[in-house]
file coords.pdb (PDB, C-alpha atoms)
ATOM      1  CA  LEU A   1       6.103 -18.355  25.836
ATOM      2  CA  ALA A   2       9.403 -17.236  27.339
ATOM      3  CA  HIS A   3      11.397 -14.336  25.921
ATOM      4  CA  ALA A   4      15.097 -14.008  26.755
ATOM      5  CA  HIS A   5      16.156 -10.378  26.401
ATOM      6  CA  ALA A   6      19.459  -9.151  25.041
ATOM      7  CA  PRO A   7      22.379  -9.778  27.415
ATOM      8  CA  ASP A   8      23.276  -6.082  27.510
ATOM      9  CA  ARG A   9      19.801  -4.922  28.621
ATOM     10  CA  ASP A  10      19.676  -3.621  32.179
ATOM     11  CA  PRO A  11      16.873  -5.456  34.027
ATOM     12  CA  HIS A  12      15.835  -2.168  35.617
ATOM     13  CA  ASP A  13      15.219  -0.746  32.137
ATOM     14  CA  LEU A  14      13.015  -3.727  31.274
ATOM     15  CA  ALA A  15      10.899  -3.708  34.421
ATOM     16  CA  THR A  16       8.954  -0.507  33.700
ATOM     17  CA  PRO A  17       7.753  -1.552  30.197
ATOM     18  CA  GLN A  18       6.510  -4.839  31.685
ATOM     19  CA  ARG A  19       4.502  -2.980  34.324
ATOM     20  CA  ILE A  20       3.132  -0.623  31.676
ATOM     21  CA  ALA A  21       2.023  -3.521  29.455
ATOM     22  CA  ALA A  22       0.172  -5.009  32.418
ATOM     23  CA  HIS A  23      -1.517  -1.709  33.321
ATOM     24  CA  PRO A  24      -5.307  -1.459  32.768
ATOM     25  CA  LEU A  25      -4.890   1.591  30.496
ATOM     26  CA  LEU A  26      -3.079  -0.640  27.998
ATOM     27  CA  HIS A  27      -5.721  -3.379  28.036
ATOM     28  CA  GLY A  28      -6.640  -4.228  24.460
ATOM     29  CA  ILE A  29      -3.567  -2.450  23.074
ATOM     30  CA  LEU A  30      -0.505  -4.348  24.348
ATOM     31  CA  LEU A  31      -0.243  -8.052  25.034
ATOM     32  CA  PRO A  32       0.180  -8.225  28.832
ATOM     33  CA  PRO A  33       3.060 -10.240  30.294
ATOM     34  CA  LEU A  34       2.447 -13.231  32.493
ATOM     35  CA  PRO A  35       3.501 -12.831  36.124
ATOM     36  CA  VAL A  36       6.495 -14.774  37.378
ATOM     37  CA  THR A  37       7.756 -15.524  40.843
ATOM     38  CA  ALA A  38      10.229 -12.699  41.194
ATOM     39  CA  PRO A  39      10.581  -9.530  43.296
ATOM     40  CA  ASP A  40       9.109  -7.250  40.612
ATOM     41  CA  GLY A  41       6.535  -9.765  39.422
ATOM     42  CA  PHE A  42       7.432  -9.951  35.712
ATOM     43  CA  LEU A  43      11.188 -10.552  35.324
ATOM     44  CA  THR A  44      13.233 -13.633  36.090
ATOM     45  CA  PHE A  45      16.677 -14.705  34.881
ATOM     46  CA  THR A  46      18.293 -17.509  32.933
ATOM     47  CA  ASP A  47      21.244 -19.442  34.334
ATOM     48  CA  GLU A  48      23.471 -17.180  32.227
ATOM     49  CA  GLY A  49      22.003 -14.066  33.848
ATOM     50  CA  ARG A  50      19.828 -12.870  30.956
ATOM     51  CA  ALA A  51      16.507 -11.261  31.857
ATOM     52  CA  LEU A  52      13.547 -13.488  31.015
ATOM     53  CA  THR A  53       9.864 -12.621  30.649
ATOM     54  CA  ARG A  54       6.824 -14.839  30.020
ATOM     55  CA  TRP A  55       3.963 -14.091  27.633
ATOM     56  CA  PRO A  56       0.719 -15.744  26.570
ATOM     57  CA  TYR A  57       0.715 -17.296  23.118
ATOM     58  CA  GLY A  58      -0.725 -15.304  20.240
ATOM     59  CA  SER A  59      -1.114 -15.993  16.508
ATOM     60  CA  PRO A  60       1.261 -13.861  14.383
ATOM     61  CA  VAL A  61       0.546 -12.191  11.068
ATOM     62  CA  ALA A  62       0.678 -14.732   8.236
ATOM     63  CA  PRO A  63       3.801 -13.918   6.179
ATOM     64  CA  ASP A  64       2.457 -15.699   3.077
ATOM     65  CA  ASP A  65      -0.795 -13.705   2.851
ATOM     66  CA  PRO A  66       0.101 -10.026   2.380
ATOM     67  CA  GLY A  67      -3.428  -9.160   1.321
ATOM     68  CA  ALA A  68      -4.702 -10.102   4.777
ATOM     69  CA  ALA A  69      -2.085  -8.040   6.647
ATOM     70  CA  PRO A  70      -3.839  -6.080   9.402
ATOM     71  CA  TRP A  71      -2.680  -2.583   8.427
ATOM     72  CA  GLU A  72      -5.823  -0.864   9.704
ATOM     73  CA  ASP A  73      -5.723  -2.795  12.984
ATOM     74  CA  ALA A  74      -2.094  -1.805  13.482
ATOM     75  CA  ALA A  75      -2.968   1.834  12.820
ATOM     76  CA  ARG A  76      -5.858   1.834  15.260
ATOM     77  CA  LEU A  77      -3.729   0.202  17.957
ATOM     78  CA  LEU A  78      -1.075   2.860  17.456
ATOM     79  CA  ALA A  79      -3.651   5.637  17.681
ATOM     80  CA  ARG A  80      -4.929   4.209  20.963
ATOM     81  CA  LEU A  81      -1.395   3.798  22.302
ATOM     82  CA  HIS A  82      -0.510   7.379  21.372
ATOM     83  CA  THR A  83      -3.481   8.768  23.283
ATOM     84  CA  VAL A  84      -2.597   7.057  26.579
ATOM     85  CA  ASP A  85      -1.381   9.618  29.119
ATOM     86  CA  PRO A  86       2.112   8.505  30.261
ATOM     87  CA  ARG A  87       1.599  10.387  33.526
ATOM     88  CA  GLN A  88      -1.026   7.814  34.507
ATOM     89  CA  LEU A  89       1.371   4.882  34.088
ATOM     90  CA  PRO A  90       3.905   3.248  36.414
ATOM     91  CA  GLY A  91       7.190   4.993  35.895
ATOM     92  CA  PRO A  92       9.413   6.610  35.370
ATOM     93  CA  VAL A  93       8.452   5.976  31.729
ATOM     94  CA  PRO A  94      11.734   5.821  29.763
ATOM     95  CA  PRO A  95      12.441   7.591  26.469
ATOM     96  CA  MET A  96      11.402   5.635  23.393
ATOM     97  CA  ARG A  97      14.463   3.728  22.112
ATOM     98  CA  GLY A  98      13.818   4.015  18.367
ATOM     99  CA  PRO A  99      16.411   6.702  17.599
ATOM    100  CA  ALA A 100      18.983   4.907  19.766
ATOM    101  CA  LYS A 101      18.415   1.730  17.749
ATOM    102  CA  ALA A 102      18.942   3.669  14.535
ATOM    103  CA  ALA A 103      22.259   4.927  15.900
ATOM    104  CA  ARG A 104      23.276   1.371  16.766
ATOM    105  CA  ALA A 105      22.496   0.299  13.194
ATOM    106  CA  LEU A 106      24.968   2.890  11.892
ATOM    107  CA  ALA A 107      27.557   1.763  14.430
ATOM    108  CA  ARG A 108      27.045  -1.834  13.294
ATOM    109  CA  LEU A 109      27.671  -0.810   9.685
ATOM    110  CA  CYS A 110      30.880   0.989  10.636
ATOM    111  CA  THR A 111      32.050  -2.056  12.595
ATOM    112  CA  ALA A 112      31.301  -4.388   9.683
ATOM    113  CA  LEU A 113      33.237  -2.203   7.259
ATOM    114  CA  ALA A 114      36.185  -1.938   9.622
ATOM    115  CA  ALA A 115      36.250  -5.705  10.182
ATOM    116  CA  ALA A 116      36.207  -6.586   6.471
ATOM    117  CA  ASP A 117      39.653  -7.637   5.326
ATOM    118  CA  GLY A 118      41.338  -8.780   2.152
ATOM    119  CA  PRO A 119      41.956  -6.850  -1.065
ATOM    120  CA  PRO A 120      39.419  -4.235  -2.183
ATOM    121  CA  SER A 121      36.504  -5.691  -4.150
ATOM    122  CA  ALA A 122      32.785  -5.172  -4.640
ATOM    123  CA  LEU A 123      32.248  -6.657  -1.186
ATOM    124  CA  ARG A 124      35.128  -5.114   0.718
ATOM    125  CA  PRO A 125      36.432  -1.653   1.603
ATOM    126  CA  GLY A 126      37.798   0.232  -1.336
ATOM    127  CA  PRO A 127      36.158   1.294  -4.590
ATOM    128  CA  GLY A 128      33.041  -0.768  -5.190
ATOM    129  CA  PRO A 129      29.251  -0.867  -4.846
ATOM    130  CA  LEU A 130      28.936  -1.635  -1.138
ATOM    131  CA  PRO A 131      31.525   0.846   0.157
ATOM    132  CA  ALA A 132      30.026   3.538  -2.076
ATOM    133  CA  ALA A 133      26.578   2.644  -0.786
ATOM    134  CA  ALA A 134      27.843   2.810   2.796
ATOM    135  CA  ALA A 135      29.191   6.307   2.165
ATOM    136  CA  ALA A 136      25.763   7.375   0.873
ATOM    137  CA  VAL A 137      24.047   5.889   3.931
ATOM    138  CA  GLU A 138      26.439   7.706   6.265
ATOM    139  CA  ARG A 139      25.826  10.967   4.399
ATOM    140  CA  ALA A 140      22.042  10.494   4.650
ATOM    141  CA  TRP A 141      22.492   9.826   8.366
ATOM    142  CA  ALA A 142      24.490  13.029   8.826
ATOM    143  CA  LEU A 143      21.653  15.029   7.224
ATOM    144  CA  LEU A 144      19.231  13.975   9.961
ATOM    145  CA  PRO A 145      18.616  16.282  12.935
ATOM    146  CA  PRO A 146      20.292  15.205  16.201
ATOM    147  CA  TRP A 147      17.092  13.923  17.813
ATOM    148  CA  ALA A 148      16.520  11.422  14.988
ATOM    149  CA  ARG A 149      20.071  10.117  15.521
ATOM    150  CA  GLY A 150      19.550   9.595  19.249
ATOM    151  CA  ALA A 151      21.794  12.559  20.066
ATOM    152  CA  ALA A 152      19.159  14.909  21.515
ATOM    153  CA  PRO A 153      15.615  14.780  22.914
ATOM    154  CA  PRO A 154      12.880  14.847  20.259
ATOM    155  CA  PRO A 155      10.987  18.110  19.775
ATOM    156  CA  ARG A 156       7.741  16.248  20.509
ATOM    157  CA  ALA A 157       8.476  13.954  23.412
ATOM    158  CA  GLY A 158       5.234  13.453  25.323
ATOM    159  CA  THR A 159       3.655  10.563  23.405
ATOM    160  CA  LEU A 160       3.718   6.951  24.559
ATOM    161  CA  CYS A 161       5.355   5.138  21.620
ATOM    162  CA  HIS A 162       5.930   1.509  20.719
ATOM    163  CA  GLY A 163       9.338   2.328  19.268
ATOM    164  CA  ASP A 164       9.686  -0.526  16.744
ATOM    165  CA  LEU A 165       6.414  -0.911  14.880
ATOM    166  CA  HIS A 166       6.128  -3.417  12.022
ATOM    167  CA  LEU A 167       3.664  -6.199  11.252
ATOM    168  CA  GLY A 168       5.790  -8.745  13.086
ATOM    169  CA  GLN A 169       4.867  -6.899  16.282
ATOM    170  CA  LEU A 170       1.212  -7.943  16.158
ATOM    171  CA  VAL A 171      -0.441 -11.134  17.375
ATOM    172  CA  ARG A 172      -4.009 -12.296  17.862
ATOM    173  CA  HIS A 173      -4.783 -13.174  21.472
ATOM    174  CA  PRO A 174      -6.483 -15.456  22.236
ATOM    175  CA  ALA A 175      -4.882 -17.233  19.298
ATOM    176  CA  THR A 176      -6.746 -17.444  15.979
ATOM    177  CA  GLY A 177      -9.943 -15.636  17.005
ATOM    178  CA  GLY A 178      -8.811 -12.913  19.384
ATOM    179  CA  PRO A 179      -8.183  -9.246  18.624
ATOM    180  CA  TRP A 180      -4.840  -7.981  17.356
ATOM    181  CA  LEU A 181      -2.472  -6.730  20.052
ATOM    182  CA  LEU A 182       0.982  -5.155  19.964
ATOM    183  CA  ILE A 183       3.941  -7.130  21.301
ATOM    184  CA  ASP A 184       7.695  -6.633  21.854
ATOM    185  CA  ILE A 185       7.783  -3.621  24.143
ATOM    186  CA  ASP A 186      11.535  -3.421  24.737
ATOM    187  CA  ASP A 187      11.620  -0.041  22.971
ATOM    188  CA  LEU A 188       8.438   1.342  24.552
ATOM    189  CA  GLY A 189       8.671   4.866  25.938
ATOM    190  CA  THR A 190       7.865   8.517  25.435
ATOM    191  CA  GLY A 191       8.859  10.314  22.261
ATOM    192  CA  ASP A 192       7.521  11.509  18.927
ATOM    193  CA  GLY A 193       4.595   9.314  17.874
ATOM    194  CA  ALA A 194       5.509   9.846  14.221
ATOM    195  CA  TRP A 195       8.353   7.367  14.765
ATOM    196  CA  ASP A 196       5.789   4.566  15.018
ATOM    197  CA  LEU A 197       4.377   5.481  11.608
ATOM    198  CA  ALA A 198       7.795   5.948  10.060
ATOM    199  CA  ARG A 199       8.524   2.401   8.888
ATOM    200  CA  PRO A 200       5.367   1.988   6.759
ATOM    201  CA  ALA A 201       5.817   5.595   5.604
ATOM    202  CA  ALA A 202       9.377   4.816   4.520
ATOM    203  CA  TRP A 203       8.285   1.597   2.802
ATOM    204  CA  PHE A 204       5.662   3.549   0.874
ATOM    205  CA  ALA A 205       8.132   6.260  -0.079
ATOM    206  CA  THR A 206      10.694   3.735  -1.318
ATOM    207  CA  GLY A 207       8.123   1.712  -3.279
ATOM    208  CA  LEU A 208       8.105  -1.294  -0.938
ATOM    209  CA  LEU A 209       4.535  -0.710   0.286
ATOM    210  CA  ALA A 210       1.676  -0.304  -2.183
ATOM    211  CA  PRO A 211       0.096   3.174  -2.153
ATOM    212  CA  ASP A 212      -3.363   1.790  -1.338
ATOM    213  CA  LEU A 213      -2.031  -0.024   1.732
ATOM    214  CA  TRP A 214      -0.298   3.130   2.946
ATOM    215  CA  THR A 215      -3.490   5.130   2.347
ATOM    216  CA  ARG A 216      -5.542   2.615   4.319
ATOM    217  CA  PHE A 217      -3.036   2.619   7.193
ATOM    218  CA  LEU A 218      -2.871   6.403   7.403
ATOM    219  CA  ALA A 219      -6.644   6.845   7.083
ATOM    220  CA  ALA A 220      -7.288   4.320   9.866
ATOM    221  CA  TYR A 221      -4.792   6.065  12.147
ATOM    222  CA  ARG A 222      -6.401   9.445  11.551
ATOM    223  CA  ALA A 223      -9.938   8.108  11.918
ATOM    224  CA  ALA A 224      -8.995   6.645  15.319
ATOM    225  CA  GLY A 225      -7.772  10.038  16.514
ATOM    226  CA  GLY A 226      -4.059   9.374  16.243
ATOM    227  CA  PRO A 227      -2.192  12.565  17.217
ATOM    228  CA  ALA A 228       1.179  11.971  15.515
ATOM    229  CA  VAL A 229       0.115  13.540  12.211
ATOM    230  CA  ARG A 230      -2.255  16.375  11.376
ATOM    231  CA  PRO A 231      -5.842  15.135  11.004
ATOM    232  CA  SER A 232      -6.032  15.895   7.278
ATOM    233  CA  GLY A 233      -3.879  17.071   4.409
ATOM    234  CA  ASP A 234      -0.230  16.295   3.748
ATOM    235  CA  PRO A 235       1.259  14.123   6.542
ATOM    236  CA  TRP A 236       4.868  14.414   5.362
ATOM    237  CA  PRO A 237       5.848  17.501   7.378
ATOM    238  CA  ASP A 238       5.258  15.306  10.444
ATOM    239  CA  LEU A 239       6.639  12.064   9.004
ATOM    240  CA  GLU A 240       9.588  13.022   6.807
ATOM    241  CA  VAL A 241      12.370  13.044   9.408
ATOM    242  CA  PRO A 242      11.350   9.760  11.116
ATOM    243  CA  ALA A 243      10.795   8.114   7.714
ATOM    244  CA  ARG A 244      14.262   9.175   6.589
ATOM    245  CA  ALA A 245      15.751   7.864   9.836
ATOM    246  CA  LEU A 246      14.066   4.464   9.475
ATOM    247  CA  THR A 247      15.192   4.273   5.841
ATOM    248  CA  VAL A 248      18.787   4.902   6.879
ATOM    249  CA  GLN A 249      18.521   2.395   9.721
ATOM    250  CA  THR A 250      17.175  -0.297   7.401
ATOM    251  CA  ALA A 251      19.833   0.406   4.796
ATOM    252  CA  ALA A 252      22.632   0.357   7.373
ATOM    253  CA  LEU A 253      21.568  -3.034   8.719
ATOM    254  CA  ALA A 254      21.250  -4.407   5.187
ATOM    255  CA  LEU A 255      24.712  -3.220   4.251
ATOM    256  CA  ALA A 256      26.238  -4.505   7.480
ATOM    257  CA  LYS A 257      24.845  -7.986   6.760
ATOM    258  CA  ALA A 258      25.960  -7.862   3.118
ATOM    259  CA  VAL A 259      29.503  -6.799   4.024
ATOM    260  CA  THR A 260      29.773  -9.453   6.735
ATOM    261  CA  ALA A 261      28.368 -12.342   4.627
ATOM    262  CA  PRO A 262      29.789 -11.230   2.088
ATOM    263  CA  ARG A 263      27.000 -11.068  -0.495
ATOM    264  CA  PRO A 264      25.217  -8.620  -2.810
ATOM    265  CA  LEU A 265      22.144  -6.716  -1.705
ATOM    266  CA  ASP A 266      18.752  -8.187  -2.516
ATOM    267  CA  GLU A 267      16.060  -6.161  -4.287
ATOM    268  CA  SER A 268      14.425  -4.722  -1.166
ATOM    269  CA  GLU A 269      17.763  -3.881   0.417
ATOM    270  CA  ALA A 270      18.909  -2.180  -2.772
ATOM    271  CA  ALA A 271      15.731  -0.071  -2.768
ATOM    272  CA  VAL A 272      16.381   1.418   0.685
ATOM    273  CA  VAL A 273      20.065   1.972  -0.099
ATOM    274  CA  ALA A 274      19.074   3.769  -3.308
ATOM    275  CA  ALA A 275      16.726   5.969  -1.279
ATOM    276  CA  CYS A 276      19.645   6.887   0.996
ATOM    277  CA  ALA A 277      21.739   7.759  -2.055
ATOM    278  CA  ARG A 278      18.998  10.124  -3.218
ATOM    279  CA  MET A 279      18.839  11.709   0.223
ATOM    280  CA  ALA A 280      22.610  12.039   0.330
ATOM    281  CA  SER A 281      22.619  13.922  -2.985
ATOM    282  CA  LEU A 282      20.243  16.623  -1.742
ATOM    283  CA  PRO A 283      21.244  19.857   0.035
ATOM    284  CA  ASP A 284      21.702  19.834   3.781
ATOM    285  CA  ARG A 285      18.174  21.163   4.253
ATOM    286  CA  LEU A 286      15.866  18.808   2.388
ATOM    287  CA  ALA A 287      12.912  20.438   0.706
ATOM    288  CA  PRO A 288       9.639  19.829   2.586
ATOM    289  CA  GLY A 289       6.315  18.956   1.061
ATOM    290  CA  GLY A 290       6.783  15.345   0.009
ATOM    291  CA  PRO A 291       8.477  12.036   0.784
ATOM    292  CA  ALA A 292      12.133  12.974   0.374
ATOM    293  CA  VAL A 293      13.178   9.336   0.279
ATOM    294  CA  ARG A 294      11.536   8.892  -3.119
TER     295      ARG A 294
END
call {"tool": "encode", "arguments": {"input": "coords.pdb", "output": "structure tokens"}}
result
Amino acid sequence: LAHAHAPDRDPHDLATPQRIAAHPLLHGILLPPLPVTAPDGFLTFTDEGRALTRWPYGSPVAPDDPGAAPWEDAARLLARLHTVDPRQLPGPVPPMRGPAKAARALARLCTALAAADGPPSALRPGPGPLPAAAAAVERAWALLPPWARGAAPPPRAGTLCHGDLHLGQLVRHPATGGPWLLIDIDDLGTGDGAWDLARPAAWFATGLLAPDLWTRFLAAYRAAGGPAVRPSGDPWPDLEVPARALTVQTAALALAKAVTAPRPLDESEAAVVAACARMASLPDRLAPGGPAVR
């Protein structure tokens, strides 16, 4: 399979993740790219100049069978990824791009609101549900520490992270009968490993992921020696900030799409926006000890 990367991605930034995915230390964790005839061995270009990579085919997670979703496999893969020493990999290993993507989501929301025209209504700037929701999302964003907004290095920056973990980033290879592997390494880099657990943590905290699935995911990560959270007890001191950031990112993208369409929010989108509204109503220093997005 061929993957055309975003037109604004610098090919030099893409080359290192490809070499890392092909490295023996990542065998059985990341799907390795297929070599191409090019100077660096893994990148080529389309006629329009976009970077292109080639990958073996793998079977994705079945979207219509949530009970069979490989939560434990995903957790174990993350734990293995997080214990790889970045100093042993081809480099320089870049920073993980998760916080930068969250910042781009907020910028996309601001652009969508600015581009909306016509008289004020429920779907346009002015008094109404979506503009009020956008204000809550921006307030929740402002409450995050700078590192979670891509404005400073993370306090824990030495872990090799995937950067954009969700179930769509897993495939079986060889197809159907092979083991699960992680794919889509555009955001791969060093950072705080808790970011990779943040999306399922945020889904659990907002009611979008069943408690038993979250418990299974977290237990599998801990059992595999994952270092991003303490080995026992309350994980939220480690997860709260990344989970809040991923909640805000998800809400910002949802609102940007709703404003642009224009259309109302669906049930899942409304849930993450409501979580941002709860975060926005709290003091500047959110109380620790539990999922603040609830």
call {"tool": "closest_residue", "arguments": {"input": "coords.pdb", "among": "A:Phe217, A:Leu188, A:Glu269, A:Ala2", "to": "Arg54 of chain A", "atoms": "all atoms listed in the file"}}
result
A:Ala2
call {"tool": "resolve_selection", "arguments": {"input": "coords.pdb", "expression": "the PyMOL selection byres ((chain A and resi 194) around 8)", "output": "list in words"}}
result
Asp192, Gly193, Trp195, Asp196, Leu197, Ala198, Ala228, Val229, Asp238, Leu239 and Pro242 of chain A
call {"tool": "residues_around", "arguments": {"input": "coords.pdb", "residues": "Pro7 of chain A", "least_positions_apart": "2", "cutoff": "10 Å", "atoms": "all atoms listed in the file", "output": "PDB file with C-alpha atoms, in the coordinates of the input"}}
result
ATOM      1  CA  ALA A   4      15.097 -14.008  26.755  1.00  0.00           C
ATOM      2  CA  HIS A   5      16.156 -10.378  26.401  1.00  0.00           C
ATOM      3  CA  ARG A   9      19.801  -4.922  28.621  1.00  0.00           C
ATOM      4  CA  ASP A  10      19.676  -3.621  32.179  1.00  0.00           C
ATOM      5  CA  PRO A  11      16.873  -5.456  34.027  1.00  0.00           C
ATOM      6  CA  GLU A  48      23.471 -17.180  32.227  1.00  0.00           C
ATOM      7  CA  GLY A  49      22.003 -14.066  33.848  1.00  0.00           C
ATOM      8  CA  ARG A  50      19.828 -12.870  30.956  1.00  0.00           C
ATOM      9  CA  ALA A  51      16.507 -11.261  31.857  1.00  0.00           C
TER      10      ALA A  51
END
call {"tool": "atom_distance", "arguments": {"input": "coords.pdb", "atom1": "atom CA of Gly28 of chain A", "atom2": "atom CA of Trp180 of chain A"}}
result
8.2 Å
call {"tool": "closest_residue", "arguments": {"input": "coords.pdb", "among": "A:Ala271, A:Leu106, A:Ala75, A:Val137", "to": "Leu167 of chain A", "atoms": "all atoms listed in the file"}}
result
A:Ala75
call {"tool": "residues_around", "arguments": {"input": "coords.pdb", "residues": "Arg149 of chain A", "least_positions_apart": "3", "cutoff": "6 Å", "atoms": "all atoms listed in the file", "output": "list in words"}}
result
Pro99, Ala103 and Pro146 of chain A
call {"tool": "residues_near_point", "arguments": {"input": "coords.pdb", "point": "(14.1, 4.3, 6.6)", "cutoff": "8 Å", "atoms": "all atoms listed in the file", "output": "VMD selection string"}}
result
chain A and resid 198 to 199 202 to 203 242 to 251 272
call {"tool": "write_last_selection", "arguments": {"input": "coords.pdb", "atoms": "C-alpha atoms", "output": "short mmCIF file (atom, residue, chain, number, x, y, z; two decimals), in the frame of the given file"}}
result
data_model
loop_
_atom_site.label_atom_id
_atom_site.label_comp_id
_atom_site.auth_asym_id
_atom_site.auth_seq_id
_atom_site.Cartn_x
_atom_site.Cartn_y
_atom_site.Cartn_z
CA ALA A 198 7.80 5.95 10.06
CA ARG A 199 8.52 2.40 8.89
CA ALA A 202 9.38 4.82 4.52
CA TRP A 203 8.28 1.60 2.80
CA PRO A 242 11.35 9.76 11.12
CA ALA A 243 10.80 8.11 7.71
CA ARG A 244 14.26 9.18 6.59
CA ALA A 245 15.75 7.86 9.84
CA LEU A 246 14.07 4.46 9.48
CA THR A 247 15.19 4.27 5.84
CA VAL A 248 18.79 4.90 6.88
CA GLN A 249 18.52 2.40 9.72
CA THR A 250 17.18 -0.30 7.40
CA ALA A 251 19.83 0.41 4.80
CA VAL A 272 16.38 1.42 0.68
#
call {"tool": "closest_residue", "arguments": {"input": "coords.pdb", "among": "A:Pro60, A:Pro129, A:Pro154, A:Gly189", "to": "Pro92 of chain A", "atoms": "only C-alpha atoms"}}
result
A:Gly189
call {"tool": "resolve_selection", "arguments": {"input": "coords.pdb", "expression": "the PyMOL selection byres ((chain A and resi 52) around 6)", "output": "list in words"}}
result
His3, Ala4, Leu43, Thr44, Phe45, Ala51 and Thr53 of chain A
call {"tool": "write_last_selection", "arguments": {"input": "coords.pdb", "atoms": "C-alpha atoms", "output": "PDB file, in the coordinates of the input"}}
result
ATOM      1  CA  HIS A   3      11.397 -14.336  25.921  1.00  0.00           C
ATOM      2  CA  ALA A   4      15.097 -14.008  26.755  1.00  0.00           C
ATOM      3  CA  LEU A  43      11.188 -10.552  35.324  1.00  0.00           C
ATOM      4  CA  THR A  44      13.233 -13.633  36.090  1.00  0.00           C
ATOM      5  CA  PHE A  45      16.677 -14.705  34.881  1.00  0.00           C
ATOM      6  CA  ALA A  51      16.507 -11.261  31.857  1.00  0.00           C
ATOM      7  CA  THR A  53       9.864 -12.621  30.649  1.00  0.00           C
TER       8      THR A  53
END
call {"tool": "atom_distance", "arguments": {"input": "coords.pdb", "atom1": "atom CA of Leu144 of chain A", "atom2": "atom CA of Val241 of chain A"}}
result
6.9 Å
call {"tool": "resolve_selection", "arguments": {"input": "coords.pdb", "expression": "the PyMOL selection byres ((chain A and resi 140) around 9)", "output": "list in words"}}
result
Ala135, Ala136, Val137, Glu138, Arg139, Trp141, Ala142, Leu143, Leu144, Arg244, Ala245, Val248, Cys276, Ala277, Arg278, Met279, Ala280 and Ser281 of chain A
call {"tool": "residues_around", "arguments": {"input": "coords.pdb", "residues": "Pro231 of chain A", "least_positions_apart": "4", "cutoff": "10 Å", "atoms": "all atoms listed in the file", "output": "PyMOL selection string"}}
result
chain A and resi 218-219+221-223+225-227+235
call {"tool": "closest_residue", "arguments": {"input": "coords.pdb", "among": "A:Ala148, A:Leu181, A:Leu265, A:Ala74", "to": "Trp214 of chain A", "atoms": "all atoms listed in the file"}}
result
A:Ala74
call {"tool": "closest_residue", "arguments": {"input": "coords.pdb", "among": "A:Leu130, A:His162, A:Arg80, A:Pro56", "to": "Pro262 of chain A", "atoms": "only C-alpha atoms"}}
result
A:Leu130
call {"tool": "residues_around", "arguments": {"input": "coords.pdb", "residues": "Cys161 of chain A", "least_positions_apart": "4", "cutoff": "10 Å", "atoms": "all atoms listed in the file", "output": "list of chain:residue names"}}
result
A:Leu78, A:Ala79, A:Leu81, A:His82, A:Thr83, A:Val84, A:Pro86, A:Pro95, A:Met96, A:Arg97, A:Gly98, A:Ala157, A:Leu165, A:Ile185, A:Asp187, A:Leu188, A:Gly189, A:Thr190, A:Gly191, A:Asp192, A:Gly193, A:Ala194, A:Trp195, A:Asp196
call {"tool": "atom_distance", "arguments": {"input": "coords.pdb", "atom1": "atom CA of Thr206 of chain A", "atom2": "atom CA of Val171 of chain A"}}
result
26.4 Å
